[in-house]
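Right, one structure below, let's go through it.
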2 protein chains.
Amino acid sequence: MGNHGDVTSRLPSDLPAELRRIVGDRHVLEDAEVLSGFTHDWTGRVVGDTAAVVRPGSAEEVAAVLAACAQHGHAVVPQGGNTGLVAGSVAFDGAITLSTARLTAVHEVDTLSATVRAEAGAPLAAVQAAAHASGSTFGVDLAARGTATVGGMVATNAGGLHVIRHGPMREQLMGVRAARSNGDLIGALRPLAKDNTGYHWPSILCGSEGTLAVVTDVLLRLVPSAEDVAVALFAFATAHEAITAAALVRRAFADVNAIELVTDAGVALVCASLDVPPPFATPAPYLLLVEGAGTPGVVERLADVAASLEGVLDSAVAVDPEPRAALWRYREAHTESIARLGPVHKLDVTLPLSGLASFIEDVRAVVTDLRPDAAVWLFGHAGDGNVHVNVTGVAPDDEDVDRVVLELVAQRDGSISAEHGIGRAKLAYLRLNRTAAEIDAMRAVKRALDPAGILNPGVLLPAG
Amino acid sequence: MGNHGDVTSRLPSDLPAELRRIVGDRHVLEDAEVLSGFTHDWTGRVVGDTAAVVRPGSAEEVAAVLAACAQHGHAVVPQGGNTGLVAGSVAFDGAITLSTARLTAVHEVDTLSATVRAEAGAPLAAVQAAAHASGSTFGVDLAARGTATVGGMVATNAGGLHVIRHGPMREQLMGVRAARSNGDLIGALRPLAKDNTGYHWPSILCGSEGTLAVVTDVLLRLVPSAEDVAVALFAFATAHEAITAAALVRRAFADVNAIELVTDAGVALVCASLDVPPPFATPAPYLLLVEGAGTPGVVERLADVAASLEGVLDSAVAVDPEPRAALWRYREAHTESIARLGPVHKLDVTLPLSGLASFIEDVRAVVTDLRPDAAVWLFGHAGDGNVHVNVTGVAPDDEDVDRVVLELVAQRDGSISAEHGIGRAKLAYLRLNRTAAEIDAMRAVKRALDPAGILNPGVLLPAG
């Protein structure tokens with residue numbers, strides 16, 4: 001047991017034995033090499049430090065692990081798929097990593113209430129598969145579907161590709177069970193669309209980034225599967241025209257699943273990177289991709305909406321899966337194409353739609369004024385004002401780049417974190433969006449539900 | 001100023017002057033006759049007791065009133081339209097009533113983001129009118145639309161007629177501003193569909209029944225207006241068949257706005273009460289009313305779904321407004337028709353759809369076993385499992401009737417409050433749905449956000 005040496009020196013002397021008693025010897029991991037698999041975040045740039053990884057096998061074991069750690073005042077960081085981008089699920093300073101890797105059960109779909117129950121560590125793809133097998137669909141989809149877990153998605157209120165259609169994770173979460181750091185389990189998993197019996201744990205815990213309680217089980221609502229799907233691509237000369245069109249599509253097209261925005265530079269980069277032809281003979285400054293899905297007739301209804309748009313320079317429509325994927329590629333391949341350019345600053349922000357066009361124009365200038373060699377790539381979900389500001393050609397640790405972008409966002413009444421939350425990476429910027437009074441109130445809620453202060457310290461809330 | 005005598009004797013000596021300084025002399029009401037207009041709840045059965053009514057004219061004034069009351073440890077009960085059914089908005093024991101009657105502004109609709117900002121005291125109808133004028137619709141509708149305020153609807157997470165289509169109030173609430181009892185204002189009113197920057201006040205405050213903070217302003221999302229509407233009525237022999245059909249409609253009919261259930265006895269009562277003919281020549285035990293609304297073609301799409309239903313004994317479809325209203329009348333006139341029978345016990349509960357049919361059968365037996373003279377009227381929103389259990393023919397204060405119904409609901413994994421919340425009326429039953437650990441956790445949240453303990457004491461949470 002020589003490999004315990006390191007750990008026991010950093011954990012309170014009784015704690016490792018207690019944890020082993022709760023979850024079994026095999027599920028307290030202490031080997032340095034094994035631990036390193038849990039301390040690197042998705043971006044690869046953040047490297048944390050954990051004294052041990054604990055893998056509970058049930059909600060009750062999660063609760064017991066937390067109670068034991070609370071008794072010793074030892075910090076715990078819950079970790080699901082670890083696909084976040086703000087360093088919210090990696091342990092630091094020897095905190096214990098509570099992995100949900102063994103909590104992967106996805107129960108049978110309740111077709112009458114259109115819900116499915118899953119444990120926190122179940123990957124999104126497993127929930128999607130269960131929904132699909134029952135003839136339904138889960139309303140949230142992410143590129144990281146194979147790895148991202150439903151527990152982590154609740155903790156970060158994940159949004160993804162279809163937020164404008166079905167809402168973010170918070171709107172899918174009909175019930176939740178979670179362990180508090182005092183060892184209590186709270187919440188329920190009843191398939192009740194209407195339930196107003198006091199404070200609503202699903203709402204409170206969704207987006208709380210593991211700082212209030214650890215989600216152990218969820219009850220998720222499912223949505224009807226679409227019978228027909230159609231994708232259209234529209235070219236515009238200005239951001240203003242593209243965004244005005246996006247708002248009109250959202251209002252007039254009940255079947256809309258996604259409205260995505262890309263620019264000429266991004267599309268040219270994707271075409272070069274994947275060696276594919278451009279969508280239109282004449283490159284247009286802004287392209288809007290619209291996906292509709294629903295009952296038969298979607299194609300006709302999308303065509304009706306398209307006919308009412310103003311300023312369209314060019315358009316293309318795809319109905320079959322392969323041509324649809326070809327249109328989506330211009331949007332989806334942005335991430336990988338930009339990554340090939342070197343280290344990327346990724347700032348995922350939301351603007352009010354009324355200020356989105358001017359933000360898109362101004363953010364380039366703000367960044368290049370600061371760093372003339374920088375390249376600014378803009379793409380995102382135009383339907384809900386969520387823009388991915390990617391910056392290349394600057395040093396990976398150039399914090400001024402992040403700062404000027406996020407300050408511009410806040411000046412324009414935007415959100416500095418559309419998805420992923422605050423984590424550690426955006427902690428220094430929280431005050432751009434939240435007042436001192438709000439941070440005080442958040443701290444009070446944190447102390448109320450986690451009085452021991454052991455749940456994900458250093459994440460979401462700045463030190464008092 | 002002789003009419004102040006009563007009040008000042010019951011309020012801390014400095015408090016009335018402080019309140020007058022904050023809101024102006026005219027907005028601290030102390031006349032006993034005037035006060036009595038604020039102490040009777042909607043049912044008329046609950047009569048509270050308030051020392052004064054204070055009507056702030058701005059969010060800042062709300063915050064200052066709360067801070068003054070907190071300093072004196074004097075309880076405050078926020079009151080909007082006072083249309084709740086659980087005695088949650090009436091002051092007791094001389095608490096101050098904080099009326100939102102002066103906070104009625106509804107701002108211009110932001111058509112690009114499809115949102116509207118309103119003050120807490122704005123009636124639902126005013127928000128609906130603003131939405132309508134902009135070509136949109138507000139997603140929540142209630143019978144009490146002329147009186148119910150958006151602040152109260154947030155406090156109770158109101159649901160209403162279209163929950164299965166657009167969700168309850170919580171899903172409409174994009175932003176909120178609220179006053180804490182320490183005098184802080186928290187929250188923001190930014191039209192951001194995605195914003196994950198810490199704990200989410202809209203989610204936390206929605207459904208908290210005025211116990212955590214007082215909502216002063218809201219930012220509400222709007223939904224596209226339906227172009228076409230169709231209503232169908234289907235007759236079934238059994239509750240099981242009706243509810244199976246409801247689930248199928250919900251799955252297969254994307255345009256569904258409402259799925260309502262009524263019974264033969266209720267329909268016969270409505271027909272006798274309003275002197276209207278029955279919907280079908282042969283009375284059927286259960287009727288399902290389905291409303292579809294959306295893009296043109298709704299009638300055809302509803303007909304397609306209708307053709308796939310099993311066990312339909314009879315059916316009727318209406319497209320024009322008048323025939324639609326005639327079908328709705330069989331459902332909507334239940335409340336007034338039952339009220340004519342005398343005092344009514346109204347229990348608004350939700351069951352999982354899988355247990356709804358057996359609950360409907362069993363709840364009659366449970367009530368009539370206890371009170372052989374009782375009549376049990378069942379109607380409600382079959383699409384989301386929300387049943388209104390109305391009992392007549394028993395004494396108004398017969399608490400055993402309420403108890404046996406709510407116990408049956410809890411045994412069947414249902415919610416004892418679908419809408420309206422817990423208030424004072426259901427406080428004794430909260431433990432049927434919530435564990436001791438959950439009530440502890442709720443108390444901790446309450447203490448965190450309202451450490452003075454002055455906000456709506458005695459509502460939602462049992463005394464510690």
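Chain labels run A, B, ... following the order of the structure tokens; each chain numbers its residues from 1, and ligands are numbered from 1 in the order shown.
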DSSP strand (DSSP E or B) residues within segment 340-411 of chain A, as a VMD selection string:
chain A and resid 345 to 350 375 to 381 386 to 392
Would you export the selected residues with all heavy atoms as a compact mmCIF listing (two decimals), in the first residue's frame, please?
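The file below, selection_36.txt, is the result:
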# COMPACT_ATOMS: atom_id res chain seq x y z
N HIS A 345 -8.43 31.50 -27.29
CA HIS A 345 -9.22 32.07 -26.19
C HIS A 345 -10.68 31.91 -26.56
O HIS A 345 -11.12 32.42 -27.58
CB HIS A 345 -8.90 33.55 -26.00
CG HIS A 345 -7.57 33.80 -25.37
ND1 HIS A 345 -7.43 34.37 -24.13
CD2 HIS A 345 -6.32 33.51 -25.79
CE1 HIS A 345 -6.15 34.45 -23.82
NE2 HIS A 345 -5.45 33.93 -24.82
N LYS A 346 -11.43 31.18 -25.71
CA LYS A 346 -12.84 30.91 -26.03
C LYS A 346 -13.71 31.64 -25.02
O LYS A 346 -13.67 31.34 -23.82
CB LYS A 346 -13.12 29.41 -25.92
CG LYS A 346 -12.50 28.58 -27.04
CD LYS A 346 -12.80 27.10 -26.81
CE LYS A 346 -12.39 26.28 -28.02
NZ LYS A 346 -13.22 26.56 -29.22
N LEU A 347 -14.49 32.57 -25.49
CA LEU A 347 -15.36 33.34 -24.60
C LEU A 347 -16.79 33.16 -25.07
O LEU A 347 -17.16 33.59 -26.17
CB LEU A 347 -14.93 34.80 -24.60
CG LEU A 347 -13.49 34.95 -24.08
CD1 LEU A 347 -12.83 36.20 -24.59
CD2 LEU A 347 -13.48 34.90 -22.56
N ASP A 348 -17.56 32.49 -24.21
CA ASP A 348 -18.91 32.09 -24.58
C ASP A 348 -19.87 33.05 -23.88
O ASP A 348 -20.06 32.97 -22.67
CB ASP A 348 -19.09 30.65 -24.08
CG ASP A 348 -20.49 30.16 -24.28
OD1 ASP A 348 -21.06 30.45 -25.35
OD2 ASP A 348 -21.02 29.50 -23.37
N VAL A 349 -20.44 33.97 -24.65
CA VAL A 349 -21.21 35.06 -24.03
C VAL A 349 -22.58 35.22 -24.70
O VAL A 349 -22.80 34.70 -25.79
CB VAL A 349 -20.44 36.40 -24.15
CG1 VAL A 349 -19.10 36.28 -23.44
CG2 VAL A 349 -20.25 36.80 -25.61
N THR A 350 -23.49 35.89 -24.03
CA THR A 350 -24.80 36.20 -24.60
C THR A 350 -25.00 37.69 -24.62
O THR A 350 -24.65 38.39 -23.67
CB THR A 350 -25.94 35.60 -23.74
OG1 THR A 350 -25.70 34.24 -23.49
CG2 THR A 350 -27.28 35.75 -24.46
N ALA A 375 -6.62 37.37 -34.30
CA ALA A 375 -7.73 37.09 -35.21
C ALA A 375 -8.96 36.77 -34.35
O ALA A 375 -8.86 36.01 -33.39
CB ALA A 375 -7.41 35.92 -36.12
N VAL A 376 -10.10 37.39 -34.68
CA VAL A 376 -11.33 37.20 -33.90
C VAL A 376 -12.31 36.41 -34.75
O VAL A 376 -12.67 36.82 -35.85
CB VAL A 376 -11.94 38.56 -33.51
CG1 VAL A 376 -13.20 38.35 -32.67
CG2 VAL A 376 -10.92 39.40 -32.76
N TRP A 377 -12.72 35.25 -34.21
CA TRP A 377 -13.67 34.38 -34.91
C TRP A 377 -15.00 34.43 -34.16
O TRP A 377 -15.02 34.19 -32.95
CB TRP A 377 -13.13 32.94 -34.95
CG TRP A 377 -11.72 32.87 -35.45
CD1 TRP A 377 -10.59 32.87 -34.71
CD2 TRP A 377 -11.30 32.85 -36.82
NE1 TRP A 377 -9.47 32.83 -35.52
CE2 TRP A 377 -9.89 32.82 -36.83
CE3 TRP A 377 -11.99 32.85 -38.06
CZ2 TRP A 377 -9.14 32.79 -38.01
CZ3 TRP A 377 -11.24 32.81 -39.22
CH2 TRP A 377 -9.83 32.79 -39.20
N LEU A 378 -16.05 34.71 -34.87
CA LEU A 378 -17.36 34.85 -34.22
C LEU A 378 -18.35 33.87 -34.83
O LEU A 378 -18.55 33.86 -36.04
CB LEU A 378 -17.87 36.28 -34.41
CG LEU A 378 -16.97 37.36 -33.81
CD1 LEU A 378 -17.35 38.72 -34.35
CD2 LEU A 378 -17.07 37.35 -32.29
N PHE A 379 -18.97 33.08 -33.98
CA PHE A 379 -20.02 32.19 -34.46
C PHE A 379 -20.88 31.86 -33.25
O PHE A 379 -20.50 32.12 -32.12
CB PHE A 379 -19.44 30.92 -35.10
CG PHE A 379 -18.53 30.13 -34.20
CD1 PHE A 379 -18.99 28.98 -33.56
CD2 PHE A 379 -17.22 30.52 -33.97
CE1 PHE A 379 -18.16 28.24 -32.73
CE2 PHE A 379 -16.38 29.79 -33.13
CZ PHE A 379 -16.85 28.65 -32.52
N GLY A 380 -22.05 31.30 -33.51
CA GLY A 380 -22.87 30.97 -32.35
C GLY A 380 -24.34 30.84 -32.67
O GLY A 380 -24.73 30.65 -33.83
N HIS A 381 -25.12 30.93 -31.60
CA HIS A 381 -26.56 30.66 -31.66
C HIS A 381 -27.29 31.99 -31.77
O HIS A 381 -27.65 32.59 -30.76
CB HIS A 381 -26.99 29.91 -30.41
CG HIS A 381 -26.07 28.77 -30.03
ND1 HIS A 381 -26.01 27.60 -30.76
CD2 HIS A 381 -25.18 28.63 -29.04
CE1 HIS A 381 -25.12 26.78 -30.21
NE2 HIS A 381 -24.60 27.38 -29.16
N ASN A 386 -26.42 34.05 -28.18
CA ASN A 386 -25.23 33.42 -27.64
C ASN A 386 -24.12 33.39 -28.71
O ASN A 386 -24.27 32.71 -29.73
CB ASN A 386 -25.60 32.01 -27.19
CG ASN A 386 -24.46 31.19 -26.61
OD1 ASN A 386 -24.62 30.01 -26.37
ND2 ASN A 386 -23.29 31.79 -26.38
N VAL A 387 -23.05 34.13 -28.47
CA VAL A 387 -21.94 34.19 -29.42
C VAL A 387 -20.70 33.54 -28.81
O VAL A 387 -20.37 33.78 -27.66
CB VAL A 387 -21.54 35.65 -29.74
CG1 VAL A 387 -20.61 35.69 -30.95
CG2 VAL A 387 -22.73 36.52 -29.94
N HIS A 388 -20.03 32.73 -29.61
CA HIS A 388 -18.72 32.22 -29.21
C HIS A 388 -17.68 33.15 -29.79
O HIS A 388 -17.50 33.21 -30.99
CB HIS A 388 -18.52 30.80 -29.76
CG HIS A 388 -19.58 29.85 -29.30
ND1 HIS A 388 -19.81 29.57 -27.98
CD2 HIS A 388 -20.48 29.13 -29.99
CE1 HIS A 388 -20.80 28.71 -27.88
NE2 HIS A 388 -21.24 28.42 -29.09
N VAL A 389 -17.03 33.90 -28.90
CA VAL A 389 -15.94 34.78 -29.34
C VAL A 389 -14.64 33.99 -29.19
O VAL A 389 -14.23 33.67 -28.09
CB VAL A 389 -15.88 36.06 -28.47
CG1 VAL A 389 -14.75 36.96 -28.94
CG2 VAL A 389 -17.21 36.80 -28.49
N ASN A 390 -14.05 33.63 -30.30
CA ASN A 390 -12.79 32.89 -30.28
C ASN A 390 -11.69 33.83 -30.76
O ASN A 390 -11.85 34.51 -31.78
CB ASN A 390 -12.84 31.67 -31.21
CG ASN A 390 -13.59 30.48 -30.59
OD1 ASN A 390 -13.28 29.34 -30.89
ND2 ASN A 390 -14.58 30.76 -29.75
N VAL A 391 -10.59 33.85 -30.04
CA VAL A 391 -9.47 34.72 -30.42
C VAL A 391 -8.22 33.87 -30.58
O VAL A 391 -7.88 33.09 -29.68
CB VAL A 391 -9.23 35.83 -29.36
CG1 VAL A 391 -8.10 36.75 -29.79
CG2 VAL A 391 -10.51 36.63 -29.10
N THR A 392 -7.56 34.00 -31.72
CA THR A 392 -6.29 33.31 -31.93
C THR A 392 -5.22 34.36 -32.23
O THR A 392 -5.52 35.54 -32.42
CB THR A 392 -6.38 32.32 -33.12
OG1 THR A 392 -6.79 33.03 -34.28
CG2 THR A 392 -7.36 31.20 -32.83
With a distance cut-off of 6 Å and only C-alpha atoms, select the neighbouring residues of segment 170-181 of chain B, excluding the residue or stretch itself and same-chain residues fewer than 2 positions from it, and output the selection as an MDAnalysis selection string.
chainID B and resid 63 66:67 157 167:168 183:189 202 206 213:221 450
Please check the contacts: residues of chain B at most 6 Å away from chain A, using only C-alpha atoms, listed as an NGL selection string.
:B and (112-113 or 186 or 191-197 or 199 or 203-204 or 208 or 224 or 247 or 251 or 352-353 or 384 or 415 or 417-419 or 421-422 or 438 or 444-445 or 448)
Go ahead and write the residues just picked, N, CA and C atoms, as an mmCIF file, in the first residue's frame.
data_model
loop_
_atom_site.group_PDB
_atom_site.id
_atom_site.type_symbol
_atom_site.label_atom_id
_atom_site.label_comp_id
_atom_site.auth_asym_id
_atom_site.auth_seq_id
_atom_site.Cartn_x
_atom_site.Cartn_y
_atom_site.Cartn_z
ATOM 1 N N LEU B 112 -37.588 42.264 -30.718
ATOM 2 C CA LEU B 112 -36.447 41.475 -31.193
ATOM 3 C C LEU B 112 -36.195 40.289 -30.260
ATOM 4 N N SER B 113 -36.162 40.541 -28.964
ATOM 5 C CA SER B 113 -35.928 39.445 -28.021
ATOM 6 C C SER B 113 -37.235 38.807 -27.574
ATOM 7 N N ILE B 186 -31.876 42.706 -5.517
ATOM 8 C CA ILE B 186 -31.075 41.723 -6.253
ATOM 9 C C ILE B 186 -31.761 41.409 -7.572
ATOM 10 N N PRO B 191 -32.563 40.907 -21.232
ATOM 11 C CA PRO B 191 -33.213 39.925 -22.092
ATOM 12 C C PRO B 191 -32.223 38.905 -22.649
ATOM 13 N N LEU B 192 -31.773 38.005 -21.771
ATOM 14 C CA LEU B 192 -30.754 37.023 -22.142
ATOM 15 C C LEU B 192 -31.317 35.621 -21.975
ATOM 16 N N ALA B 193 -31.458 34.927 -23.094
ATOM 17 C CA ALA B 193 -32.013 33.583 -23.025
ATOM 18 C C ALA B 193 -31.046 32.621 -22.347
ATOM 19 N N LYS B 194 -29.762 32.911 -22.442
ATOM 20 C CA LYS B 194 -28.757 32.049 -21.805
ATOM 21 C C LYS B 194 -27.900 32.913 -20.904
ATOM 22 N N ASP B 195 -27.865 32.603 -19.629
ATOM 23 C CA ASP B 195 -27.107 33.402 -18.677
ATOM 24 C C ASP B 195 -26.788 32.515 -17.492
ATOM 25 N N ASN B 196 -25.583 32.007 -17.449
ATOM 26 C CA ASN B 196 -25.183 31.118 -16.363
ATOM 27 C C ASN B 196 -24.052 31.734 -15.570
ATOM 28 N N THR B 197 -24.435 32.710 -14.767
ATOM 29 C CA THR B 197 -23.450 33.439 -13.969
ATOM 30 C C THR B 197 -23.844 33.373 -12.500
ATOM 31 N N TYR B 199 -26.108 31.667 -9.047
ATOM 32 C CA TYR B 199 -27.453 31.241 -8.675
ATOM 33 C C TYR B 199 -28.478 32.119 -9.373
ATOM 34 N N SER B 203 -35.352 31.534 -10.890
ATOM 35 C CA SER B 203 -35.731 30.167 -10.507
ATOM 36 C C SER B 203 -35.944 30.042 -9.004
ATOM 37 N N ILE B 204 -35.087 30.696 -8.227
ATOM 38 C CA ILE B 204 -35.153 30.551 -6.775
ATOM 39 C C ILE B 204 -36.405 31.232 -6.228
ATOM 40 N N SER B 208 -41.689 30.810 -4.340
ATOM 41 C CA SER B 208 -41.247 30.930 -2.935
ATOM 42 C C SER B 208 -42.259 31.698 -2.082
ATOM 43 N N PRO B 224 -44.852 33.201 -29.790
ATOM 44 C CA PRO B 224 -45.560 33.606 -31.005
ATOM 45 C C PRO B 224 -47.066 33.383 -30.854
ATOM 46 N N ALA B 247 -52.305 11.301 -23.100
ATOM 47 C CA ALA B 247 -50.857 11.140 -23.262
ATOM 48 C C ALA B 247 -50.495 11.029 -24.733
ATOM 49 N N ARG B 251 -48.159 13.580 -27.085
ATOM 50 C CA ARG B 251 -46.985 13.095 -27.807
ATOM 51 C C ARG B 251 -47.075 13.419 -29.292
ATOM 52 N N PRO B 352 -49.048 11.538 -10.887
ATOM 53 C CA PRO B 352 -48.331 11.022 -12.069
ATOM 54 C C PRO B 352 -49.381 10.470 -13.040
ATOM 55 N N LEU B 353 -49.182 10.677 -14.338
ATOM 56 C CA LEU B 353 -50.206 10.233 -15.291
ATOM 57 C C LEU B 353 -50.481 8.735 -15.170
ATOM 58 N N ASP B 384 -51.402 17.349 -17.848
ATOM 59 C CA ASP B 384 -50.289 17.393 -16.905
ATOM 60 C C ASP B 384 -50.622 16.763 -15.558
ATOM 61 N N SER B 415 -48.623 15.435 -5.971
ATOM 62 C CA SER B 415 -48.306 16.689 -5.294
ATOM 63 C C SER B 415 -49.573 17.245 -4.642
ATOM 64 N N SER B 417 -50.047 20.229 -3.894
ATOM 65 C CA SER B 417 -50.363 21.547 -4.443
ATOM 66 C C SER B 417 -49.839 21.679 -5.861
ATOM 67 N N ALA B 418 -50.745 21.555 -6.825
ATOM 68 C CA ALA B 418 -50.351 21.710 -8.221
ATOM 69 C C ALA B 418 -50.045 23.179 -8.487
ATOM 70 N N GLU B 419 -50.942 24.046 -8.027
ATOM 71 C CA GLU B 419 -50.756 25.486 -8.170
ATOM 72 C C GLU B 419 -51.019 26.114 -6.802
ATOM 73 N N GLY B 421 -49.508 26.903 -4.364
ATOM 74 C CA GLY B 421 -48.513 26.748 -3.316
ATOM 75 C C GLY B 421 -49.089 26.203 -2.028
ATOM 76 N N ILE B 422 -48.352 26.410 -0.947
ATOM 77 C CA ILE B 422 -48.690 25.864 0.363
ATOM 78 C C ILE B 422 -49.433 26.905 1.200
ATOM 79 N N GLU B 438 -35.723 17.860 3.820
ATOM 80 C CA GLU B 438 -36.035 18.926 2.850
ATOM 81 C C GLU B 438 -36.542 20.176 3.546
ATOM 82 N N ALA B 444 -33.212 26.583 5.945
ATOM 83 C CA ALA B 444 -31.873 27.186 5.836
ATOM 84 C C ALA B 444 -31.849 28.243 4.736
ATOM 85 N N VAL B 445 -32.500 27.946 3.598
ATOM 86 C CA VAL B 445 -32.552 28.921 2.501
ATOM 87 C C VAL B 445 -33.336 30.157 2.939
ATOM 88 N N ALA B 448 -31.277 32.244 5.166
ATOM 89 C CA ALA B 448 -30.177 32.867 4.427
ATOM 90 C C ALA B 448 -30.626 34.146 3.751
#
Helix (DSSP H, G or I) per DSSP on the backbone: members of segment 14-66 of chain A, as a list of chain:residue names:
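Checking each residue of segment 14-66 of chain A, the helix (DSSP H, G or I) ones are A:Leu15, A:Pro16, A:Ala17, A:Glu18, A:Leu19, A:Arg20, A:Arg21, A:Ile22, A:Val23, A:Asp25, A:Arg26, A:His27, A:Ala32, A:Glu33, A:Val34, A:Leu35, A:Ser36, A:Ala59, A:Glu60, A:Glu61, A:Val62, A:Ala63, A:Ala64, A:Val65, A:Leu66.
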Can you write just those residues out, N, CA and C atoms, as a compact mmCIF listing (two decimals), in the first residue's frame?
# COMPACT_ATOMS: atom_id res chain seq x y z
N LEU A 15 -9.79 9.89 7.50
CA LEU A 15 -10.71 10.04 6.37
C LEU A 15 -10.59 8.93 5.32
N PRO A 16 -9.36 8.57 4.88
CA PRO A 16 -9.29 7.54 3.83
C PRO A 16 -9.97 6.23 4.25
N ALA A 17 -9.76 5.81 5.47
CA ALA A 17 -10.39 4.57 5.93
C ALA A 17 -11.90 4.71 5.95
N GLU A 18 -12.36 5.85 6.37
CA GLU A 18 -13.82 6.08 6.39
C GLU A 18 -14.40 6.01 4.99
N LEU A 19 -13.70 6.65 4.06
CA LEU A 19 -14.19 6.65 2.68
C LEU A 19 -14.21 5.23 2.12
N ARG A 20 -13.15 4.44 2.43
CA ARG A 20 -13.12 3.05 1.94
C ARG A 20 -14.25 2.24 2.53
N ARG A 21 -14.55 2.51 3.79
CA ARG A 21 -15.64 1.78 4.42
C ARG A 21 -16.96 2.11 3.71
N ILE A 22 -17.12 3.34 3.27
CA ILE A 22 -18.39 3.75 2.63
C ILE A 22 -18.52 3.20 1.22
N VAL A 23 -17.48 3.35 0.41
CA VAL A 23 -17.61 3.00 -1.02
C VAL A 23 -16.89 1.71 -1.41
N ASP A 25 -12.98 -0.56 -0.90
CA ASP A 25 -11.56 -0.27 -1.15
C ASP A 25 -11.28 0.11 -2.60
N ARG A 26 -11.92 -0.61 -3.50
CA ARG A 26 -11.61 -0.42 -4.93
C ARG A 26 -12.02 0.95 -5.45
N HIS A 27 -12.84 1.65 -4.70
CA HIS A 27 -13.41 2.89 -5.22
C HIS A 27 -12.87 4.15 -4.55
N ALA A 32 -0.98 8.06 -7.90
CA ALA A 32 -0.73 9.38 -8.51
C ALA A 32 -1.03 9.38 -10.00
N GLU A 33 -0.67 8.30 -10.68
CA GLU A 33 -0.89 8.26 -12.12
C GLU A 33 -2.38 8.22 -12.44
N VAL A 34 -3.10 7.43 -11.65
CA VAL A 34 -4.56 7.36 -11.84
C VAL A 34 -5.18 8.72 -11.56
N LEU A 35 -4.73 9.35 -10.48
CA LEU A 35 -5.31 10.65 -10.12
C LEU A 35 -5.13 11.68 -11.22
N SER A 36 -4.01 11.60 -11.92
CA SER A 36 -3.75 12.63 -12.94
C SER A 36 -4.79 12.59 -14.06
N ALA A 59 -26.73 6.94 -4.30
CA ALA A 59 -27.00 8.27 -3.72
C ALA A 59 -26.64 8.28 -2.24
N GLU A 60 -26.96 7.19 -1.56
CA GLU A 60 -26.69 7.12 -0.12
C GLU A 60 -25.18 7.16 0.13
N GLU A 61 -24.41 6.50 -0.72
CA GLU A 61 -22.95 6.56 -0.57
C GLU A 61 -22.42 7.97 -0.84
N VAL A 62 -23.00 8.65 -1.82
CA VAL A 62 -22.59 10.04 -2.06
C VAL A 62 -22.80 10.86 -0.78
N ALA A 63 -23.99 10.72 -0.20
CA ALA A 63 -24.32 11.48 1.00
C ALA A 63 -23.35 11.15 2.14
N ALA A 64 -23.03 9.86 2.28
CA ALA A 64 -22.13 9.46 3.37
C ALA A 64 -20.72 9.99 3.14
N VAL A 65 -20.28 9.99 1.89
CA VAL A 65 -18.95 10.53 1.57
C VAL A 65 -18.90 12.02 1.94
N LEU A 66 -19.94 12.74 1.58
CA LEU A 66 -19.95 14.18 1.88
C LEU A 66 -19.95 14.41 3.39
Measure the distance from atom CA of Met153 of chain A to atom CA of Gly80 of chain A in Å and round it to one decimal.
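Distance reported for this atom pair: 8.8 Å.
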For atom CA of Glu119 of chain A and atom CA of Val28 of chain A, quote the distance in Å rounded to one decimal.
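Rounded to one decimal, the two atoms are 19.7 Å apart.
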Set the distance at 6 Å and use only C-alpha atoms: which residues neighbour segment 256-262 of chain A once local chain neighbours fewer than 5 positions away are removed? I'd like the list as a list in words.
His162, Arg165, Tyr286, Leu287, Leu288, Leu289, Val290, Glu291, Gly292, Phe379, Gly380, His381, Ala382 and Gly383 of chain A
Report, in Å with one decimal, the straight-line distance from atom CA of Asn82 of chain B to atom CA of Arg102 of chain B.
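So the answer is 14.5 Å.
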Need the shell around segment 276-282 of chain B: protein/DNA/RNA residues with any atom at most 10 Å away, counting only C-alpha atoms. Skip same-chain ones fewer than 2 positions apart. Format as a list in words?
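So, after excluding close chain neighbours, the residues are Leu233, Phe234, Ala235, Asp264, Val267, Ala268, Val270, Cys271, Ala272, Ser273, Leu274, Ala284, Pro285, Leu287, Leu313, Asp314, Ser315, Ala316, Ala326, Leu327, Arg329 and Tyr330 of chain B.
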Which residue, A:Gln79, A:Leu309, A:Leu85, A:Phe38, has the smallest gap to Leu103 of chain A when you use only C-alpha atoms?
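For Leu103 of chain A, the nearest of the given residues is A:Gln79.
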Extract, using only C-alpha atoms, all DNA, RNA and protein residues at most 9 Å from segment 147-150 of chain B, discarding same-chain residues fewer than 4 positions from it, and format them as a list in words.
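Counting only the stated atoms, we get Gly80, Gly81, Asn82, Thr83, Gly84, Thr100, Thr104, Ala118, Glu119, Ala120, Gly121, Ala122, Pro123, Leu124, Ala125, Val127, Leu142, Ala143, Val154, Ala155, Met169, Asp217 and Val218 of chain B.
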